[in-house]
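Text of target-v8.txt (compact mmCIF, N, CA and C atoms) as supplied:
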```
# COMPACT_ATOMS: atom_id res chain seq x y z
N MET Y 1 74.96 127.61 77.65
CA MET Y 1 74.68 127.33 76.25
C MET Y 1 74.78 128.61 75.43
N ARG Y 2 75.32 128.47 74.25
CA ARG Y 2 75.43 129.62 73.36
C ARG Y 2 74.61 129.33 72.12
N HIS Y 3 73.36 129.67 72.17
CA HIS Y 3 72.47 129.40 71.05
C HIS Y 3 72.83 130.27 69.86
N LYS Y 4 72.73 129.71 68.68
CA LYS Y 4 72.96 130.42 67.42
C LYS Y 4 74.29 131.16 67.41
N ARG Y 5 75.31 130.52 67.89
CA ARG Y 5 76.64 131.12 67.88
C ARG Y 5 77.12 131.20 66.44
N ASP Y 6 77.45 132.39 65.98
CA ASP Y 6 77.74 132.59 64.56
C ASP Y 6 79.19 132.37 64.22
N THR Y 7 80.10 132.86 65.02
CA THR Y 7 81.50 132.77 64.66
C THR Y 7 82.14 131.53 65.25
N LYS Y 8 82.86 130.81 64.43
CA LYS Y 8 83.61 129.66 64.92
C LYS Y 8 84.91 130.14 65.53
N LYS Y 9 85.62 130.95 64.80
CA LYS Y 9 86.92 131.44 65.25
C LYS Y 9 86.88 132.95 65.35
N LYS Y 10 87.55 133.47 66.36
CA LYS Y 10 87.59 134.92 66.52
C LYS Y 10 88.80 135.54 65.84
N LEU Y 11 89.76 134.72 65.42
CA LEU Y 11 90.93 135.16 64.67
C LEU Y 11 91.75 136.21 65.40
N GLY Y 12 91.65 136.24 66.73
CA GLY Y 12 92.45 137.16 67.53
C GLY Y 12 92.05 138.61 67.36
N ARG Y 13 90.78 138.85 67.01
CA ARG Y 13 90.32 140.22 66.75
C ARG Y 13 88.98 140.44 67.46
N ASN Y 14 88.64 141.71 67.65
CA ASN Y 14 87.32 142.01 68.18
C ASN Y 14 86.30 141.98 67.03
N LYS Y 15 85.05 142.16 67.34
CA LYS Y 15 83.99 141.96 66.36
C LYS Y 15 84.09 142.88 65.16
N SER Y 16 84.33 144.16 65.39
CA SER Y 16 84.36 145.11 64.28
C SER Y 16 85.58 144.88 63.39
N HIS Y 17 86.70 144.55 63.99
CA HIS Y 17 87.91 144.28 63.21
C HIS Y 17 87.76 143.00 62.39
N ARG Y 18 87.14 141.99 62.99
CA ARG Y 18 86.91 140.71 62.30
C ARG Y 18 85.96 140.90 61.13
N LYS Y 19 84.92 141.69 61.34
CA LYS Y 19 83.95 141.95 60.27
C LYS Y 19 84.59 142.69 59.11
N ALA Y 20 85.43 143.69 59.43
CA ALA Y 20 86.13 144.44 58.38
C ALA Y 20 87.11 143.55 57.64
N LEU Y 21 87.79 142.68 58.36
CA LEU Y 21 88.74 141.75 57.74
C LEU Y 21 88.04 140.84 56.75
N ILE Y 22 86.94 140.23 57.16
CA ILE Y 22 86.21 139.32 56.28
C ILE Y 22 85.63 140.08 55.08
N ARG Y 23 85.12 141.29 55.30
CA ARG Y 23 84.59 142.09 54.21
C ARG Y 23 85.68 142.41 53.18
N ASN Y 24 86.84 142.86 53.64
CA ASN Y 24 87.93 143.19 52.73
C ASN Y 24 88.45 141.95 51.99
N MET Y 25 88.53 140.84 52.69
CA MET Y 25 88.97 139.61 52.04
C MET Y 25 87.95 139.14 51.00
N THR Y 26 86.68 139.33 51.29
CA THR Y 26 85.62 138.95 50.34
C THR Y 26 85.72 139.78 49.07
N ILE Y 27 85.92 141.08 49.21
CA ILE Y 27 86.04 141.96 48.04
C ILE Y 27 87.26 141.56 47.22
N SER Y 28 88.39 141.32 47.87
CA SER Y 28 89.60 140.90 47.16
C SER Y 28 89.41 139.57 46.47
N PHE Y 29 88.72 138.66 47.14
CA PHE Y 29 88.49 137.33 46.55
C PHE Y 29 87.68 137.43 45.26
N PHE Y 30 86.59 138.18 45.30
CA PHE Y 30 85.75 138.25 44.11
C PHE Y 30 86.38 139.07 42.99
N GLN Y 31 87.29 139.97 43.30
CA GLN Y 31 87.99 140.71 42.25
C GLN Y 31 89.04 139.85 41.56
N ASN Y 32 89.71 138.97 42.33
CA ASN Y 32 90.82 138.18 41.78
C ASN Y 32 90.49 136.72 41.56
N GLN Y 33 89.34 136.25 41.98
CA GLN Y 33 88.87 134.87 41.86
C GLN Y 33 89.64 133.88 42.72
N LYS Y 34 90.69 134.32 43.41
CA LYS Y 34 91.38 133.47 44.38
C LYS Y 34 92.14 134.36 45.36
N LEU Y 35 92.53 133.76 46.49
CA LEU Y 35 93.17 134.53 47.55
C LEU Y 35 94.08 133.61 48.35
N THR Y 36 95.26 134.09 48.70
CA THR Y 36 96.18 133.34 49.55
C THR Y 36 96.16 133.95 50.95
N THR Y 37 95.90 133.11 51.94
CA THR Y 37 95.78 133.57 53.32
C THR Y 37 96.07 132.39 54.24
N THR Y 38 95.88 132.58 55.54
CA THR Y 38 96.08 131.47 56.48
C THR Y 38 94.84 130.57 56.46
N VAL Y 39 95.02 129.35 56.95
CA VAL Y 39 93.93 128.36 56.91
C VAL Y 39 92.71 128.79 57.73
N PRO Y 40 92.85 129.27 58.98
CA PRO Y 40 91.64 129.69 59.72
C PRO Y 40 90.89 130.83 59.04
N LYS Y 41 91.61 131.80 58.48
CA LYS Y 41 90.95 132.89 57.77
C LYS Y 41 90.24 132.36 56.53
N ALA Y 42 90.85 131.42 55.83
CA ALA Y 42 90.24 130.85 54.63
C ALA Y 42 88.95 130.11 54.97
N LYS Y 43 88.94 129.42 56.09
CA LYS Y 43 87.74 128.69 56.49
C LYS Y 43 86.60 129.64 56.84
N GLN Y 44 86.90 130.73 57.53
CA GLN Y 44 85.87 131.73 57.82
C GLN Y 44 85.40 132.42 56.55
N LEU Y 45 86.33 132.72 55.65
CA LEU Y 45 85.99 133.37 54.39
C LEU Y 45 85.10 132.48 53.54
N LYS Y 46 85.35 131.19 53.57
CA LYS Y 46 84.56 130.24 52.78
C LYS Y 46 83.09 130.29 53.19
N ARG Y 47 82.82 130.39 54.49
CA ARG Y 47 81.43 130.48 54.98
C ARG Y 47 80.73 131.69 54.38
N THR Y 48 81.43 132.83 54.37
CA THR Y 48 80.85 134.06 53.86
C THR Y 48 80.62 133.99 52.36
N ILE Y 49 81.60 133.50 51.63
CA ILE Y 49 81.51 133.43 50.17
C ILE Y 49 80.37 132.52 49.75
N GLU Y 50 80.25 131.37 50.41
CA GLU Y 50 79.18 130.42 50.06
C GLU Y 50 77.80 131.07 50.27
N ARG Y 51 77.64 131.81 51.36
CA ARG Y 51 76.36 132.47 51.62
C ARG Y 51 76.06 133.53 50.57
N LEU Y 52 77.06 134.31 50.19
CA LEU Y 52 76.84 135.38 49.20
C LEU Y 52 76.51 134.81 47.83
N ILE Y 53 77.18 133.74 47.43
CA ILE Y 53 76.89 133.13 46.12
C ILE Y 53 75.49 132.53 46.12
N THR Y 54 75.11 131.92 47.23
CA THR Y 54 73.75 131.36 47.32
C THR Y 54 72.70 132.45 47.21
N LEU Y 55 72.95 133.60 47.84
CA LEU Y 55 72.02 134.72 47.71
C LEU Y 55 72.00 135.24 46.27
N GLY Y 56 73.15 135.29 45.63
CA GLY Y 56 73.24 135.82 44.27
C GLY Y 56 72.60 134.92 43.23
N LYS Y 57 72.44 133.64 43.53
CA LYS Y 57 71.84 132.72 42.55
C LYS Y 57 70.41 133.09 42.23
N LYS Y 58 69.66 133.52 43.23
CA LYS Y 58 68.27 133.91 42.98
C LYS Y 58 68.21 135.20 42.18
N GLY Y 59 69.04 136.16 42.57
CA GLY Y 59 69.12 137.41 41.83
C GLY Y 59 67.96 138.36 42.05
N THR Y 60 67.15 138.15 43.09
CA THR Y 60 66.05 139.07 43.35
C THR Y 60 66.60 140.36 43.95
N LEU Y 61 65.80 141.39 43.91
CA LEU Y 61 66.21 142.68 44.44
C LEU Y 61 66.55 142.59 45.93
N SER Y 62 65.76 141.82 46.66
CA SER Y 62 66.00 141.64 48.08
C SER Y 62 67.35 140.98 48.34
N ASP Y 63 67.67 139.95 47.57
CA ASP Y 63 68.93 139.26 47.75
C ASP Y 63 70.12 140.14 47.37
N ILE Y 64 69.98 140.92 46.32
CA ILE Y 64 71.05 141.83 45.91
C ILE Y 64 71.28 142.88 46.99
N ARG Y 65 70.22 143.34 47.62
CA ARG Y 65 70.36 144.31 48.71
C ARG Y 65 71.05 143.68 49.92
N LYS Y 66 70.77 142.41 50.20
CA LYS Y 66 71.44 141.72 51.30
C LYS Y 66 72.93 141.58 51.01
N ILE Y 67 73.28 141.27 49.76
CA ILE Y 67 74.69 141.19 49.39
C ILE Y 67 75.34 142.55 49.55
N ASN Y 68 74.67 143.59 49.06
CA ASN Y 68 75.21 144.94 49.15
C ASN Y 68 75.34 145.41 50.60
N GLN Y 69 74.45 144.95 51.46
CA GLN Y 69 74.50 145.32 52.86
C GLN Y 69 75.79 144.80 53.51
N PHE Y 70 76.22 143.61 53.10
CA PHE Y 70 77.45 143.08 53.67
C PHE Y 70 78.69 143.63 52.97
N VAL Y 71 78.71 143.59 51.64
CA VAL Y 71 79.91 143.94 50.89
C VAL Y 71 80.09 145.44 50.76
N ASN Y 72 79.02 146.16 50.46
CA ASN Y 72 79.03 147.61 50.30
C ASN Y 72 80.07 148.07 49.28
N HIS Y 73 80.11 147.37 48.14
CA HIS Y 73 81.05 147.68 47.06
C HIS Y 73 80.34 147.32 45.75
N PRO Y 74 79.81 148.31 45.01
CA PRO Y 74 78.93 148.04 43.87
C PRO Y 74 79.54 147.14 42.80
N GLN Y 75 80.81 147.31 42.49
CA GLN Y 75 81.43 146.47 41.46
C GLN Y 75 81.48 145.01 41.90
N THR Y 76 81.75 144.79 43.17
CA THR Y 76 81.82 143.43 43.68
C THR Y 76 80.44 142.78 43.71
N VAL Y 77 79.41 143.57 44.02
CA VAL Y 77 78.04 143.03 44.02
C VAL Y 77 77.69 142.51 42.63
N LYS Y 78 78.03 143.27 41.59
CA LYS Y 78 77.77 142.83 40.21
C LYS Y 78 78.53 141.55 39.89
N LYS Y 79 79.78 141.47 40.34
CA LYS Y 79 80.58 140.26 40.09
C LYS Y 79 79.98 139.05 40.79
N ILE Y 80 79.52 139.25 42.03
CA ILE Y 80 78.93 138.14 42.77
C ILE Y 80 77.70 137.60 42.04
N VAL Y 81 76.85 138.49 41.57
CA VAL Y 81 75.63 138.07 40.86
C VAL Y 81 76.01 137.36 39.55
N ASP Y 82 77.01 137.88 38.84
CA ASP Y 82 77.45 137.24 37.59
C ASP Y 82 78.05 135.87 37.84
N ILE Y 83 78.90 135.76 38.86
CA ILE Y 83 79.52 134.48 39.18
C ILE Y 83 78.48 133.48 39.65
N SER Y 84 77.47 133.95 40.37
CA SER Y 84 76.44 133.06 40.92
C SER Y 84 75.65 132.36 39.83
N LYS Y 85 75.49 133.00 38.68
CA LYS Y 85 74.74 132.38 37.59
C LYS Y 85 75.41 131.11 37.08
N LYS Y 86 76.71 131.02 37.30
CA LYS Y 86 77.47 129.85 36.85
C LYS Y 86 77.15 128.62 37.71
N TYR Y 87 76.66 128.84 38.92
CA TYR Y 87 76.43 127.75 39.87
C TYR Y 87 74.96 127.45 40.10
N THR Y 88 74.10 127.66 39.10
CA THR Y 88 72.67 127.43 39.30
C THR Y 88 72.33 125.96 39.55
N ASP Y 89 73.11 125.04 39.01
CA ASP Y 89 72.81 123.62 39.19
C ASP Y 89 73.45 123.02 40.44
N ARG Y 90 74.25 123.80 41.15
CA ARG Y 90 74.97 123.31 42.33
C ARG Y 90 74.35 123.89 43.58
N ASN Y 91 74.20 123.07 44.62
CA ASN Y 91 73.59 123.53 45.86
C ASN Y 91 74.58 124.21 46.79
N SER Y 92 75.79 123.71 46.84
CA SER Y 92 76.82 124.31 47.70
C SER Y 92 78.17 123.84 47.21
N GLY Y 93 79.22 124.21 47.93
CA GLY Y 93 80.56 123.79 47.55
C GLY Y 93 81.09 124.56 46.35
N TYR Y 94 81.02 125.87 46.42
CA TYR Y 94 81.46 126.71 45.30
C TYR Y 94 82.95 127.01 45.37
N THR Y 95 83.55 126.81 46.54
CA THR Y 95 84.95 127.16 46.73
C THR Y 95 85.76 125.95 47.14
N GLN Y 96 87.07 126.09 47.00
CA GLN Y 96 88.00 125.03 47.36
C GLN Y 96 89.16 125.65 48.12
N ILE Y 97 89.56 125.02 49.21
CA ILE Y 97 90.71 125.47 49.99
C ILE Y 97 91.85 124.49 49.77
N ILE Y 98 92.99 125.00 49.30
CA ILE Y 98 94.17 124.17 49.04
C ILE Y 98 95.28 124.64 49.97
N LYS Y 99 95.78 123.75 50.80
CA LYS Y 99 96.87 124.10 51.71
C LYS Y 99 98.18 124.09 50.93
N VAL Y 100 98.99 125.16 51.12
CA VAL Y 100 100.19 125.30 50.29
C VAL Y 100 101.49 125.37 51.09
N GLY Y 101 101.45 125.17 52.37
CA GLY Y 101 102.70 125.19 53.13
C GLY Y 101 102.62 126.14 54.31
N PHE Y 102 103.80 126.57 54.76
CA PHE Y 102 103.87 127.39 55.95
C PHE Y 102 104.52 128.73 55.64
N ARG Y 103 104.04 129.77 56.31
CA ARG Y 103 104.58 131.10 56.12
C ARG Y 103 105.95 131.17 56.77
N ARG Y 104 106.85 131.88 56.13
CA ARG Y 104 108.24 131.91 56.58
C ARG Y 104 108.42 132.66 57.89
N GLY Y 105 107.71 133.75 58.09
CA GLY Y 105 107.94 134.58 59.27
C GLY Y 105 107.52 133.95 60.57
N ASP Y 106 106.30 133.41 60.63
CA ASP Y 106 105.80 132.88 61.90
C ASP Y 106 105.37 131.42 61.82
N GLY Y 107 105.50 130.79 60.68
CA GLY Y 107 105.17 129.38 60.56
C GLY Y 107 103.69 129.09 60.45
N ALA Y 108 102.88 130.10 60.19
CA ALA Y 108 101.44 129.88 60.05
C ALA Y 108 101.17 129.11 58.75
N GLU Y 109 100.20 128.21 58.81
CA GLU Y 109 99.87 127.42 57.63
C GLU Y 109 99.09 128.27 56.63
N LYS Y 110 99.56 128.31 55.38
CA LYS Y 110 98.93 129.10 54.33
C LYS Y 110 98.02 128.23 53.49
N ALA Y 111 97.04 128.89 52.87
CA ALA Y 111 96.12 128.18 51.99
C ALA Y 111 95.68 129.12 50.88
N ILE Y 112 95.33 128.52 49.75
CA ILE Y 112 94.73 129.27 48.63
C ILE Y 112 93.27 128.89 48.60
N ILE Y 113 92.41 129.88 48.57
CA ILE Y 113 90.98 129.64 48.42
C ILE Y 113 90.59 130.15 47.03
N LYS Y 114 89.89 129.29 46.27
CA LYS Y 114 89.51 129.66 44.91
C LYS Y 114 88.16 129.07 44.56
N LEU Y 115 87.57 129.61 43.51
CA LEU Y 115 86.29 129.10 43.03
C LEU Y 115 86.49 127.83 42.25
N LEU Y 116 85.50 126.95 42.28
CA LEU Y 116 85.55 125.72 41.48
C LEU Y 116 85.13 125.99 40.06
```
Go through the file and emit its structure as structure tokens.
Amino acid sequence: MRHKRDTKKKLGRNKSHRKALIRNMTISFFQNQKLTTTVPKAKQLKRTIERLITLGKKGTLSDIRKINQFVNHPQTVKKIVDISKKYTDRNSGYTQIIKVGFRRGDGAEKAIIKLL
């Protein structure tokens, strides 16, 4: 049994590489409000984004520090808190994944992840 297993997909990377990948994708997502990537990466990114927006909705110092602990990018932390205020009446489902076809080089399925 694997109690409290956190990662669904390993994305072909070790733990530190996967963490850096998700962190960089999160920063890019909040700077541009949308991101084009493969479907498995988009699904993992959605989990992270939903958690960060939920933390940002409260806006307490503790929650902002938790966001900063993961993102470690001051401009992005401010954007997350600002975007979170827009979703005060919503419990979850802040993002949407739209499948857009297949990548030309290797045939991987691409998706756009964006805020609602």
Neighbour residues at most 6 Å from (98.2, 126.2, 51.1) (only N, CA and C atoms) as a PyMOL selection string: chain Y and resi 98-101+109-112
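The space separating CA of Val71 (chain Y) from CA of His3 (chain Y) comes to 25.9 Å.
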Give one line per residue of region 43-105 of chain Y that approaches region 10-17 of chain Y to at most 12 Å, naming the two atoms of the closest pair and their distance in Å to one decimal, counting only C-alpha atoms; sort by chain then ascending residue number and deliver it as JSON lines.
```
{"residue": "Y:Lys43", "atom": "CA", "partner": "Y:Leu11", "partner_atom": "CA", "distance": 10.9}
{"residue": "Y:Gln44", "atom": "CA", "partner": "Y:Leu11", "partner_atom": "CA", "distance": 9.2}
{"residue": "Y:Leu45", "atom": "CA", "partner": "Y:Leu11", "partner_atom": "CA", "distance": 11.5}
```
Strand (DSSP E or B) residues, from DSSP on the backbone, in region 63-116 of chain Y, as a PyMOL selection string: chain Y and resi 95-102+109-115
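Closest to Phe102 (chain Y) among Y:Phe30, Y:Lys79, Y:Thr38, Y:Leu21 is Y:Thr38, based on only C-alpha atoms.
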Atom N of Ile97 (chain Y) to atom N of Val81 (chain Y), distance in Å rounded to a single decimal: 20.0 Å
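Candidate residues Y:Lys9, Y:Lys86, Y:Lys4, Y:Lys78 were compared for distance to Val39 (chain Y), and the nearest is Y:Lys9, using only C-alpha atoms.
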Residue nearest Ala42 (chain Y) among Y:Leu55, Y:Val77, Y:Ile22, Y:Ile27 (counting only C-alpha atoms): Y:Ile22
Nearby residues (all atoms listed in the file) at most 7 Å from Lys114 (chain Y), same-chain spacing under 4 positions excluded, as a PyMOL selection string: chain Y and resi 33-35+94-98
